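Student: As input, take structure_0.cif (mmCIF, C-alpha atoms):
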```
data_target
loop_
_atom_site.label_atom_id
_atom_site.label_comp_id
_atom_site.auth_asym_id
_atom_site.auth_seq_id
_atom_site.Cartn_x
_atom_site.Cartn_y
_atom_site.Cartn_z
CA MET A 11 7.21 -21.74 -13.90
CA GLN A 12 4.71 -21.99 -11.08
CA LEU A 13 4.75 -18.86 -8.90
CA ASP A 14 4.84 -20.50 -5.46
CA PHE A 15 7.73 -22.82 -6.31
CA PHE A 16 9.60 -20.02 -8.08
CA MET A 17 9.39 -17.59 -5.15
CA LEU A 18 10.38 -20.23 -2.61
CA ALA A 19 13.38 -21.32 -4.71
CA LEU A 20 14.48 -17.69 -5.14
CA PHE A 21 14.23 -17.11 -1.40
CA GLY A 22 16.34 -20.20 -0.63
CA ILE A 23 19.03 -19.39 -3.19
CA SER A 24 19.27 -15.76 -2.07
CA LEU A 25 19.55 -16.85 1.55
CA VAL A 26 22.60 -18.97 0.75
CA ALA A 27 24.03 -16.29 -1.57
CA GLY A 28 23.62 -13.54 1.03
CA CYS A 29 25.19 -15.69 3.72
CA LEU A 30 28.20 -16.75 1.62
CA GLY A 31 28.53 -13.28 0.15
CA SER A 32 28.87 -11.58 3.52
CA LEU A 33 31.04 -14.37 4.90
CA THR A 34 33.56 -14.24 2.05
CA GLY A 35 33.33 -10.49 1.44
CA LEU A 36 32.46 -11.01 -2.22
CA GLY A 37 28.90 -9.75 -1.85
CA GLY A 38 25.69 -11.43 -2.96
CA GLY A 39 25.45 -9.85 -6.42
CA VAL A 40 28.17 -11.97 -8.00
CA VAL A 41 26.15 -15.16 -7.34
CA ILE A 42 22.56 -13.96 -7.65
CA ILE A 43 22.81 -12.77 -11.27
CA PRO A 44 24.42 -16.00 -12.62
CA LEU A 45 21.92 -18.16 -10.70
CA LEU A 46 18.93 -16.19 -12.00
CA VAL A 47 20.25 -16.27 -15.57
CA LEU A 48 21.65 -19.82 -15.65
CA VAL A 49 19.18 -21.74 -13.47
CA PHE A 50 15.93 -19.85 -14.06
CA GLY A 51 16.60 -18.37 -17.49
CA VAL A 52 15.76 -14.87 -16.26
CA ASP A 53 16.41 -11.96 -18.64
CA THR A 54 19.61 -10.05 -17.84
CA ARG A 55 17.72 -6.78 -17.22
CA TYR A 56 15.45 -8.34 -14.58
CA ALA A 57 18.40 -10.17 -13.01
CA ILE A 58 20.40 -6.94 -12.64
CA GLY A 59 17.41 -5.21 -11.02
CA ALA A 60 16.89 -8.03 -8.52
CA SER A 61 20.59 -8.18 -7.73
CA LEU A 62 20.72 -4.45 -6.94
CA ILE A 63 17.87 -4.91 -4.44
CA ALA A 64 19.76 -7.81 -2.82
CA VAL A 65 22.89 -5.65 -2.65
CA ILE A 66 21.00 -2.83 -0.88
CA SER A 67 19.32 -5.10 1.66
CA THR A 68 22.55 -6.90 2.60
CA SER A 69 24.38 -3.59 2.89
CA SER A 70 21.76 -2.07 5.22
CA GLY A 71 21.62 -5.19 7.40
CA ALA A 72 25.37 -5.55 7.75
CA ALA A 73 26.01 -1.79 8.01
CA ALA A 74 23.71 -1.57 11.02
CA ALA A 75 25.92 -4.06 12.86
CA TYR A 76 29.21 -2.47 11.79
CA VAL A 77 28.26 1.18 12.49
CA ARG A 78 27.44 0.15 16.05
CA GLU A 79 30.96 -1.22 16.52
CA GLY A 80 32.49 2.13 15.57
CA TYR A 81 34.69 1.13 12.61
CA THR A 82 32.71 2.91 9.91
CA ASN A 83 33.96 6.37 8.96
CA VAL A 84 30.74 8.18 8.07
CA ARG A 85 32.51 11.30 6.74
CA ILE A 86 34.64 9.30 4.30
CA ALA A 87 31.53 7.36 3.25
CA MET A 88 29.55 10.53 2.62
CA LEU A 89 32.33 12.23 0.65
CA LEU A 90 32.96 9.20 -1.56
CA GLU A 91 29.22 8.69 -2.06
CA VAL A 92 29.15 11.95 -4.02
CA ALA A 93 31.37 10.18 -6.58
CA THR A 94 29.65 6.76 -6.44
CA THR A 95 26.08 8.07 -6.78
CA VAL A 96 26.96 10.36 -9.71
CA GLY A 97 28.77 7.37 -11.23
CA ALA A 98 25.69 5.18 -10.65
CA VAL A 99 23.40 7.64 -12.46
CA ALA A 100 25.92 7.74 -15.34
CA GLY A 101 26.12 3.93 -15.34
CA ALA A 102 22.34 3.56 -15.53
CA ALA A 103 22.33 5.98 -18.49
CA ILE A 104 25.05 3.94 -20.23
CA ALA A 105 23.12 0.70 -19.54
CA ALA A 106 20.21 2.06 -21.58
CA MET A 107 22.51 2.58 -24.57
CA VAL A 108 24.44 -0.71 -24.75
CA SER A 109 23.11 -4.19 -25.57
CA SER A 110 22.61 -7.02 -23.04
CA PRO A 111 25.55 -9.16 -24.31
CA VAL A 112 27.94 -6.21 -23.81
CA ILE A 113 26.71 -5.80 -20.23
CA MET A 114 27.06 -9.55 -19.73
CA TYR A 115 30.69 -9.49 -20.92
CA ILE A 116 31.47 -6.70 -18.44
CA PHE A 117 29.73 -8.70 -15.70
CA ILE A 118 31.75 -11.82 -16.57
CA ALA A 119 34.95 -9.76 -16.26
CA VAL A 120 33.79 -8.63 -12.80
CA LEU A 121 33.14 -12.28 -11.83
CA PHE A 122 36.67 -13.35 -12.82
CA TRP A 123 38.20 -10.33 -11.11
CA SER A 124 36.25 -10.99 -7.88
CA SER A 125 37.21 -14.64 -7.95
CA TRP A 126 40.88 -13.86 -8.57
CA SER A 127 41.12 -11.13 -5.91
CA SER A 128 39.56 -13.42 -3.33
CA LEU A 129 41.92 -16.32 -4.15
CA LYS A 130 45.27 -14.55 -4.31
CA GLU A 131 47.29 -13.96 -1.19
CA SER A 132 46.74 -10.36 -0.18
CA HIS A 133 49.70 -8.21 0.72
CA PRO A 134 48.03 -5.50 2.75
CA VAL A 135 49.43 -2.00 2.36
CA PRO A 136 50.22 -0.66 5.84
CA PRO A 137 47.62 1.88 6.96
CA ALA A 138 48.59 5.52 6.50
CA GLU A 139 50.05 7.15 9.59
CA SER A 140 49.91 10.66 8.22
CA ALA A 141 47.17 12.44 6.37
CA ASP A 142 47.23 14.62 3.26
CA ASP A 143 46.39 18.29 3.72
CA LEU A 144 43.13 17.93 1.82
CA ALA A 145 42.07 14.97 3.98
CA VAL A 146 42.76 16.97 7.15
CA ARG A 147 40.80 19.95 5.82
CA LEU A 148 37.90 17.59 5.08
CA ARG A 149 38.28 16.14 8.61
CA LEU A 150 38.50 12.58 7.30
CA PRO A 151 41.18 11.12 9.61
CA SER A 152 39.65 9.47 12.65
CA THR A 153 40.11 6.62 15.11
CA TYR A 154 38.87 3.08 15.40
CA PRO A 155 38.47 0.93 18.52
CA GLY A 156 41.59 -1.05 19.45
CA LYS A 157 42.41 -3.26 22.41
CA ASP A 158 44.01 -0.38 24.33
CA GLY A 159 41.66 2.40 23.32
CA PRO A 160 41.12 4.30 20.07
CA ILE A 161 43.78 3.97 17.35
CA ALA A 162 44.26 6.98 15.09
CA TYR A 163 44.69 6.66 11.32
CA GLY A 164 45.49 8.99 8.46
CA VAL A 165 43.90 9.31 5.04
CA ARG A 166 45.73 9.79 1.71
CA HIS A 167 45.02 10.52 -1.96
CA VAL A 168 41.49 11.90 -1.76
CA PRO A 169 41.12 13.16 -5.39
CA SER A 170 42.27 9.91 -7.05
CA SER A 171 40.06 7.90 -4.68
CA LEU A 172 37.08 9.99 -5.77
CA ALA A 173 37.90 9.19 -9.41
CA VAL A 174 38.11 5.43 -8.71
CA MET A 175 34.86 5.62 -6.75
CA PHE A 176 33.12 7.25 -9.70
CA GLY A 177 34.19 4.19 -11.72
CA ALA A 178 32.88 1.89 -8.98
CA GLY A 179 29.51 3.66 -9.19
CA VAL A 180 29.34 3.27 -12.99
CA LEU A 181 30.16 -0.45 -12.72
CA SER A 182 27.69 -1.03 -9.89
CA ALA A 183 24.82 0.44 -11.92
CA LEU A 184 25.84 -1.19 -15.18
CA VAL A 185 26.00 -4.80 -13.99
CA GLY A 186 24.04 -4.67 -10.72
CA VAL A 187 26.73 -5.54 -8.19
CA GLY A 188 28.12 -3.73 -5.14
CA SER A 189 31.53 -3.54 -6.88
CA GLY A 190 33.35 -4.13 -3.62
CA VAL A 191 36.46 -5.19 -5.57
CA VAL A 192 36.80 -1.68 -7.03
CA LYS A 193 36.11 0.06 -3.74
CA VAL A 194 38.89 -1.92 -2.09
CA VAL A 195 41.35 -0.47 -4.64
CA ALA A 196 40.42 3.07 -3.61
CA MET A 197 40.16 2.58 0.14
CA ASP A 198 42.98 0.09 0.80
CA ARG A 199 45.51 1.02 -1.85
CA LEU A 200 44.99 4.77 -2.31
CA MET A 201 43.48 6.10 0.92
CA ARG A 202 45.36 3.41 2.85
CA LEU A 203 42.67 2.96 5.49
CA PRO A 204 43.00 0.22 8.12
CA PHE A 205 41.41 -3.04 6.92
CA LYS A 206 38.40 -3.00 9.26
CA VAL A 207 37.67 0.66 8.52
CA SER A 208 37.82 0.19 4.75
CA THR A 209 35.67 -2.96 4.64
CA THR A 210 32.96 -1.61 6.91
CA THR A 211 32.91 1.85 5.32
CA SER A 212 32.78 0.30 1.84
CA ASN A 213 29.88 -1.94 2.88
CA PHE A 214 28.12 1.10 4.32
CA MET A 215 28.44 2.95 0.99
CA ILE A 216 27.31 0.08 -1.23
CA GLY A 217 23.64 0.50 -0.29
CA VAL A 218 23.55 4.20 -1.13
CA THR A 219 25.34 3.61 -4.45
CA ALA A 220 22.98 0.79 -5.42
CA ALA A 221 19.93 2.85 -4.37
CA ALA A 222 20.95 5.56 -6.86
CA SER A 223 20.72 3.15 -9.81
CA ALA A 224 17.85 1.06 -8.39
CA GLY A 225 15.62 4.14 -8.50
CA ILE A 226 16.27 4.52 -12.22
CA TYR A 227 15.74 0.80 -12.91
CA PHE A 228 12.46 0.96 -10.99
CA HIS A 229 11.12 3.55 -13.43
CA ARG A 230 12.30 1.43 -16.35
CA GLY A 231 10.27 -1.54 -15.07
CA GLN A 232 13.33 -3.68 -14.35
CA LEU A 233 12.34 -4.32 -10.71
CA ASP A 234 9.74 -7.06 -10.79
CA PRO A 235 8.12 -7.70 -7.40
CA VAL A 236 7.99 -11.49 -7.83
CA LEU A 237 11.77 -11.57 -8.41
CA CYS A 238 12.92 -8.73 -6.15
CA GLY A 239 10.79 -9.57 -3.11
CA PRO A 240 12.08 -13.07 -2.29
CA VAL A 241 15.63 -12.12 -3.37
CA ALA A 242 15.66 -9.10 -1.02
CA LEU A 243 14.28 -11.07 1.91
CA GLY A 244 16.60 -14.03 1.38
CA ALA A 245 19.70 -11.88 0.99
CA MET A 246 18.73 -9.82 4.04
CA ILE A 247 18.38 -12.83 6.36
CA GLY A 248 21.37 -14.58 4.79
CA SER A 249 23.74 -11.68 5.33
CA LEU A 250 22.54 -11.29 8.90
CA LEU A 251 23.38 -14.94 9.50
CA GLY A 252 26.73 -14.41 7.78
CA THR A 253 27.76 -11.42 9.87
CA ARG A 254 26.37 -12.48 13.24
CA VAL A 255 26.06 -16.23 13.65
CA LEU A 256 28.91 -17.48 11.52
CA VAL A 257 31.40 -14.77 12.37
CA LYS A 258 33.72 -17.25 14.06
CA ALA A 259 33.64 -19.85 11.29
CA ARG A 260 36.84 -20.60 9.39
CA THR A 261 36.45 -18.78 6.14
CA ARG A 262 39.67 -19.53 4.21
CA ALA A 263 38.44 -22.86 2.78
CA LEU A 264 35.02 -21.36 2.17
CA ARG A 265 36.58 -18.47 0.25
CA ILE A 266 38.41 -20.85 -2.07
CA ILE A 267 35.29 -22.93 -2.77
CA PHE A 268 33.23 -19.81 -3.32
CA ALA A 269 35.84 -18.27 -5.65
CA VAL A 270 35.94 -21.46 -7.72
CA VAL A 271 32.14 -21.56 -7.93
CA VAL A 272 32.05 -17.91 -9.02
CA ALA A 273 34.69 -18.55 -11.70
CA ALA A 274 32.83 -21.65 -12.93
CA MET A 275 29.65 -19.60 -13.28
CA GLY A 276 31.69 -17.01 -15.17
CA PHE A 277 32.78 -19.64 -17.71
CA GLN A 278 29.24 -20.94 -18.08
CA LEU A 279 27.90 -17.42 -18.67
CA LEU A 280 30.71 -16.74 -21.13
CA TYR A 281 29.85 -19.89 -23.09
CA ARG A 282 26.16 -19.01 -23.23
CA THR A 283 26.81 -15.40 -24.23
CA VAL A 284 29.30 -16.34 -26.97
CA THR A 285 26.91 -18.95 -28.40
CA GLY A 286 24.17 -16.32 -28.46
CA ARG A 287 21.89 -17.95 -25.90
CA ILE A 288 21.83 -14.82 -23.77
CA VAL A 289 20.40 -11.87 -25.61
CA MET B 18 84.96 5.84 22.66
CA ALA B 19 81.86 5.32 20.69
CA GLN B 20 78.85 7.12 21.96
CA PRO B 21 75.80 4.88 22.21
CA PRO B 22 73.39 5.96 19.51
CA PRO B 23 70.71 8.25 20.83
CA PRO B 24 67.40 6.55 21.22
CA PRO B 25 65.12 7.22 18.29
CA PRO B 26 62.81 10.09 19.06
CA PRO B 27 59.33 8.89 19.82
CA SER B 28 57.25 9.32 16.73
CA PRO B 29 54.93 12.26 17.27
CA PRO B 30 51.28 11.39 17.20
CA PRO B 31 49.51 12.45 14.03
CA PRO B 32 48.11 15.96 14.41
CA HIS B 33 44.58 14.71 14.05
CA ALA B 34 44.82 12.02 16.70
CA VAL B 35 42.03 11.95 19.22
CA ALA B 36 44.10 10.73 22.13
CA THR B 37 41.56 10.94 24.90
CA PRO B 38 40.49 7.39 25.57
CA GLY B 39 38.46 7.12 28.71
CA ARG B 40 38.37 10.79 29.53
CA ASP B 41 36.47 13.54 27.86
CA ALA B 42 38.18 16.87 28.36
CA PRO B 43 35.79 19.81 28.60
CA GLY B 44 35.24 21.14 25.11
CA ASN B 45 36.24 17.85 23.54
CA THR B 46 32.81 16.35 23.14
CA LEU B 47 33.24 15.21 19.55
CA PRO B 48 33.97 11.49 20.14
CA ALA B 49 30.98 10.99 22.45
CA ARG B 50 28.73 12.92 20.09
CA ASP B 51 30.01 10.91 17.09
CA ARG B 52 29.35 7.74 19.03
CA ARG B 53 25.74 8.68 19.81
CA PHE B 54 25.31 9.60 16.17
CA ASP B 55 26.59 6.14 15.15
CA MET B 56 24.08 4.44 17.43
CA GLN B 57 21.13 6.39 16.05
CA LEU B 58 22.32 5.74 12.52
CA SER B 59 22.51 2.04 13.26
CA ARG B 60 18.93 2.15 14.54
CA VAL B 61 17.71 3.85 11.33
CA LEU B 62 19.29 1.06 9.27
CA ILE B 63 17.95 -1.76 11.45
CA TRP B 64 14.38 -0.47 11.59
CA GLY B 65 14.30 0.40 7.91
CA THR B 66 15.50 -3.05 6.95
CA MET B 67 13.17 -4.82 9.39
CA ALA B 68 10.13 -2.86 8.20
CA ALA B 69 10.92 -3.56 4.56
CA GLY B 70 11.50 -7.25 5.35
CA ALA B 71 8.18 -7.50 7.19
CA VAL B 72 6.21 -5.90 4.35
CA ILE B 73 7.90 -8.19 1.79
CA ALA B 74 7.33 -11.33 3.88
CA ILE B 75 3.63 -10.61 4.48
CA SER B 76 2.82 -9.63 0.91
CA ALA B 77 4.81 -12.59 -0.47
CA ILE B 78 2.70 -14.95 1.65
CA VAL B 79 -0.50 -13.25 0.46
CA LEU B 80 0.66 -13.47 -3.17
CA VAL B 81 1.55 -17.16 -2.90
CA ALA B 82 -1.72 -17.92 -1.10
CA THR B 83 -3.86 -16.19 -3.72
CA GLN B 84 -1.93 -16.73 -6.98
CA GLY B 85 0.50 -19.51 -6.08
CA ARG B 86 -0.61 -21.79 -8.92
CA SER B 87 -0.27 -19.18 -11.66
CA THR B 88 2.61 -19.33 -14.12
CA VAL B 89 5.37 -16.72 -14.25
CA ARG B 90 8.04 -16.17 -16.91
CA PHE B 91 10.97 -13.81 -16.88
CA THR B 92 12.82 -15.09 -19.93
CA THR B 93 12.09 -11.93 -21.89
CA PHE B 94 12.02 -8.37 -20.66
CA ASP B 95 8.51 -6.90 -20.81
CA PRO B 96 8.79 -3.48 -22.43
CA GLY B 97 5.20 -2.75 -21.46
CA LEU B 98 6.35 -1.60 -18.04
CA ALA B 99 9.40 0.14 -19.43
CA ASN B 100 8.02 3.65 -19.36
CA GLY B 101 5.14 3.31 -16.98
CA GLN B 102 6.35 2.36 -13.51
CA SER B 103 6.04 5.01 -10.80
CA VAL B 104 5.69 5.33 -7.04
CA ALA B 105 2.18 6.75 -7.59
CA LYS B 106 1.10 3.60 -9.47
CA VAL B 107 2.45 1.38 -6.71
CA ILE B 108 0.61 3.35 -4.02
CA HIS B 109 -2.55 3.11 -6.13
CA GLY B 110 -2.12 -0.69 -6.23
CA VAL B 111 -1.45 -0.86 -2.50
CA ALA B 112 -4.68 0.99 -1.85
CA ALA B 113 -6.46 -1.68 -3.90
CA LEU B 114 -4.66 -4.37 -1.80
CA ASP B 115 -2.96 -5.83 -4.88
CA PRO B 116 -0.30 -8.26 -3.50
CA ARG B 117 2.21 -7.45 -6.26
CA SER B 118 1.99 -3.74 -5.49
CA LEU B 119 2.41 -4.50 -1.78
CA LEU B 120 5.50 -6.55 -2.60
CA LEU B 121 6.84 -3.70 -4.71
CA LEU B 122 6.16 -1.32 -1.81
CA GLY B 123 8.47 -3.50 0.30
CA VAL B 124 11.10 -3.32 -2.44
CA ILE B 125 10.77 0.49 -2.52
CA MET B 126 11.25 0.47 1.27
CA VAL B 127 14.50 -1.46 0.76
CA ILE B 128 15.68 1.28 -1.62
CA ALA B 129 14.43 4.01 0.73
CA THR B 130 16.42 2.76 3.74
CA PRO B 131 19.84 4.05 2.58
CA VAL B 132 18.16 7.25 1.34
CA LEU B 133 16.64 7.72 4.79
CA ARG B 134 20.06 7.14 6.26
CA VAL B 135 21.53 9.95 4.13
CA ALA B 136 18.66 12.27 5.13
CA PHE B 137 19.29 11.40 8.78
CA SER B 138 22.99 12.24 8.38
CA LEU B 139 22.06 15.59 6.83
CA ILE B 140 20.00 16.50 9.90
CA THR B 141 22.75 15.35 12.25
CA PHE B 142 25.43 17.36 10.46
CA ALA B 143 23.10 20.38 10.51
CA ILE B 144 22.61 20.04 14.29
CA GLU B 145 26.40 19.87 14.67
CA ARG B 146 26.68 23.00 12.47
CA ASP B 147 29.10 21.11 10.23
CA ARG B 148 28.47 23.23 7.14
CA LEU B 149 30.90 21.41 4.86
CA TYR B 150 29.29 18.04 5.48
CA VAL B 151 25.77 19.46 5.30
CA LEU B 152 26.72 20.56 1.78
CA ILE B 153 28.32 17.22 0.85
CA THR B 154 25.36 15.24 2.22
CA ALA B 155 22.90 17.53 0.43
CA VAL B 156 24.62 16.78 -2.88
CA VAL B 157 24.30 13.01 -2.27
CA LEU B 158 20.64 13.42 -1.31
CA ALA B 159 20.00 15.51 -4.44
CA VAL B 160 21.52 12.82 -6.69
CA LEU B 161 19.40 10.15 -4.98
CA GLY B 162 16.29 12.31 -5.31
CA TYR B 163 17.00 12.80 -9.01
CA SER B 164 17.36 9.04 -9.49
CA LEU B 165 14.21 8.15 -7.53
CA PHE B 166 11.85 10.79 -8.87
CA LEU B 167 13.16 12.35 -12.08
CA ALA B 168 15.47 10.02 -14.01
CA ARG B 169 14.20 7.58 -16.64
#
```
Mind turning this structure into structure tokens?
Tutor:
Amino acid sequence: MQLDFFMLALFGISLVAGCLGSLTGLGGGVVIIPLLVLVFGVDTRYAIGASLIAVISTSSGAAAAYVREGYTNVRIAMLLEVATTVGAVAGAAIAAMVSSPVIMYIFIAVLFWSSWSSLKESHPVPPAESADDLAVRLRLPSTYPGKDGPIAYGVRHVPSSLAVMFGAGVLSALVGVGSGVVKVVAMDRLMRLPFKVSTTTSNFMIGVTAAASAGIYFHRGQLDPVLCGPVALGAMIGSLLGTRVLVKARTRALRIIFAVVVAAMGFQLLYRTVTGRIV
Amino acid sequence: MAQPPPPPPPSPPPPHAVATPGRDAPGNTLPARDRRFDMQLSRVLIWGTMAAGAVIAISAIVLVATQGRSTVRFTTFDPGLANGQSVAKVIHGVAALDPRSLLLLGVIMVIATPVLRVAFSLITFAIERDRLYVLITAVVLAVLGYSLFLAR
């Protein structure tokens, strides 16, 4: 493929992916890998590398906006990052040992899970009012801005959340996504953080987690500049548009369309992997 | 005569609640300090991302202008790079004004932004004499350092 056309197309696709990813909360990774593999025939290892770079750039861009608003709990993020970064290093080590089709099957499972979790009606667990002893000793409970001043929240189940976060780190490194779906399990269901706190803190952590595996993939030669450059720039600008300009747009219908598209790409990838056209 | 049920006792605020909106009692400077910390952190992320974006945009334009008509293929993974890529090589290429190395420098800057953010947090926790979080942040930074410089 001709370089100029290729880079321009990558930039455009990543722009849309970053925008939709931040708007729907699914993240850009779940669309960038299938598009690279299905549309451009890119090798899985290059696609995962490029996706990780997109994940980092969207996380940094969006995190900057969220931290400013005061929802992000930096202490929780830092504590859980111990688990996610160690998990990411482990995941990158595992990735070197398993074959591409195995990684692709795991990625397809993540696609279906992301699609399903974004379609189903969520029954939010009420935020914790009290905090576990360990959480208090770690000074994790905090406040977030409400209409009538700061609202306090508690934090629960720190050890099991750390275990789930380790898994999120492994998955993120293995298939090159932010694994937001796994982080939600830990932060919403176990720690029982308020919705805005968990989403912004999770987004804040995604960049650090992805950086831990991206470093390893860089040394392995999986980060090609021609792929990663336009993808990073497109995802960066796209997510900025998603968080700032389109923040008031109605996202329910968009979520459904996006979830269906993600699932459709999952089926297409599954077909190609089963028939041996992705190696 | 039935006694009216006593009103439910007001639920006590959680022990950790920071219930000082609008007024900062002397000695309770944590919220304001945390706030300032958030702002600086936000600035680190914005500038890091912007700088990386600028380097990528400029070197992408240079690459397209000079080699736009060349053919690229990514259908098979090139094992030639598999054991040879390093920050030193990229810097060497940047010094020679190779557009691909410049582009890769931008990509490294993207990776470095969250790392910088962790380093910034370490300094902030150290200034606050928050020993526990200095330790926790140092562990995260060590893992990132291992991944960026040592792991293969």
Student: Restrict the distance test to all atoms listed in the file, flag each residue of chain A within 6 Å of chain B, and return the flagged residues as a ChimeraX atom specification.
Tutor: /A:11-14,51-53,70,74,77-78,92,159,162,217-218,221-222,225-226,229-231,235,239,243
Student: Using the chain letters and numbers from this file, what does the PyMOL selection byres ((chain A and resi 61) around 8) select? Give the answer as number ranges by chain.
Tutor: A: 38-39, 42-43, 57-60, 62-65, 186-187, 238, 241
Student: Expand the PyMOL selection byres ((chain A and resi 276-287) around 7) into the explicit residue set it covers here, and present it as a tab-separated table (two decimals) with C-alpha atoms, keeping the file's coordinate frame.
Tutor:
```tsv
chain	number	residue	atom	x	y	z
A	111	PRO	CA	25.55	-9.16	-24.31
A	118	ILE	CA	31.75	-11.82	-16.57
A	121	LEU	CA	33.14	-12.28	-11.83
A	122	PHE	CA	36.67	-13.35	-12.82
A	272	VAL	CA	32.05	-17.91	-9.02
A	273	ALA	CA	34.69	-18.55	-11.70
A	274	ALA	CA	32.83	-21.65	-12.93
A	275	MET	CA	29.65	-19.60	-13.28
A	288	ILE	CA	21.83	-14.82	-23.77
A	289	VAL	CA	20.40	-11.87	-25.61
```
Student: How many Å lie between atom CA of Asp234 of chain A and atom CA of Arg55 of chain A, rounded to one decimal?
Tutor: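 Atom-to-atom, atom CA of Asp234 of chain A to atom CA of Arg55 of chain A, that is 10.3 Å.
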Student: Atom CA of Ser170 of chain A and atom CA of Phe214 of chain A are how many Å apart?
Tutor: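 That distance, rounded to one decimal, is 20.2 Å.
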Student: Might you pull out every residue within 7 Å of Ala98 of chain A, with all atoms listed in the file counted and same-chain residues fewer than 2 positions away left off, and present them as a list in words?
Tutor: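 My list of contacting residues is Thr94, Thr95, Val96, Ala100, Gly101, Ala102, Gly179, Val180, Ser182, Ala183, Thr219, Ala222 and Ser223 of chain A.
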Student: Residues picked by the PyMOL selection byres ((chain A and resi 81) around 6) here, as a ChimeraX atom specification?
Tutor: /A:79-80,82,154,207
Student: Could the residues in this selection be saved with C-alpha atoms as a tab-separated table (two decimals), in the coordinates of the input?
Tutor:
```tsv
chain	number	residue	atom	x	y	z
A	79	GLU	CA	30.96	-1.22	16.52
A	80	GLY	CA	32.49	2.13	15.57
A	82	THR	CA	32.71	2.91	9.91
A	154	TYR	CA	38.87	3.08	15.40
A	207	VAL	CA	37.67	0.66	8.52
```
Student: To one decimal place, how far is atom CA of Met246 of chain A from atom CA of Ala19 of chain A in Å?
Tutor: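 Taking atom CA of Met246 of chain A and atom CA of Ala19 of chain A, their separation equals 15.4 Å.
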Student: Around segment 87-92 of chain B, fit a box with edges along x, y and z, padding it by 8 Å on each side, then list its centre and edge lengths in Å to one decimal as AutoDock Vina command-line options.
Tutor:
```
--center_x 6.3 --center_y -16.6 --center_z -15.8 --size_x 29.1 --size_y 21.5 --size_z 24.3
```
Student: Nearest to Ser124 of chain A among A:Ser171, A:Ser189, A:Asn83, A:Thr68, with distances taken over all atoms listed in the file: which residue is it?
Tutor: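 The answer is A:Ser189, which sits nearest to Ser124 of chain A.
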Student: What's around segment 137-139 of chain A at 7 Å? Count all atoms listed in the file, leave out sequence neighbours fewer than 4 positions away in its own chain, and write the answer as a VMD selection string.
Tutor: (chain A and resid 163 to 165 202 to 204) or (chain B and resid 31)
Student: For Ser24 of chain A, which residue among A:Thr253, A:Gln232, A:Ser67, A:Thr54 is the nearest when counting all atoms listed in the file?
Tutor: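 The answer is A:Ser67, which sits nearest to Ser24 of chain A.
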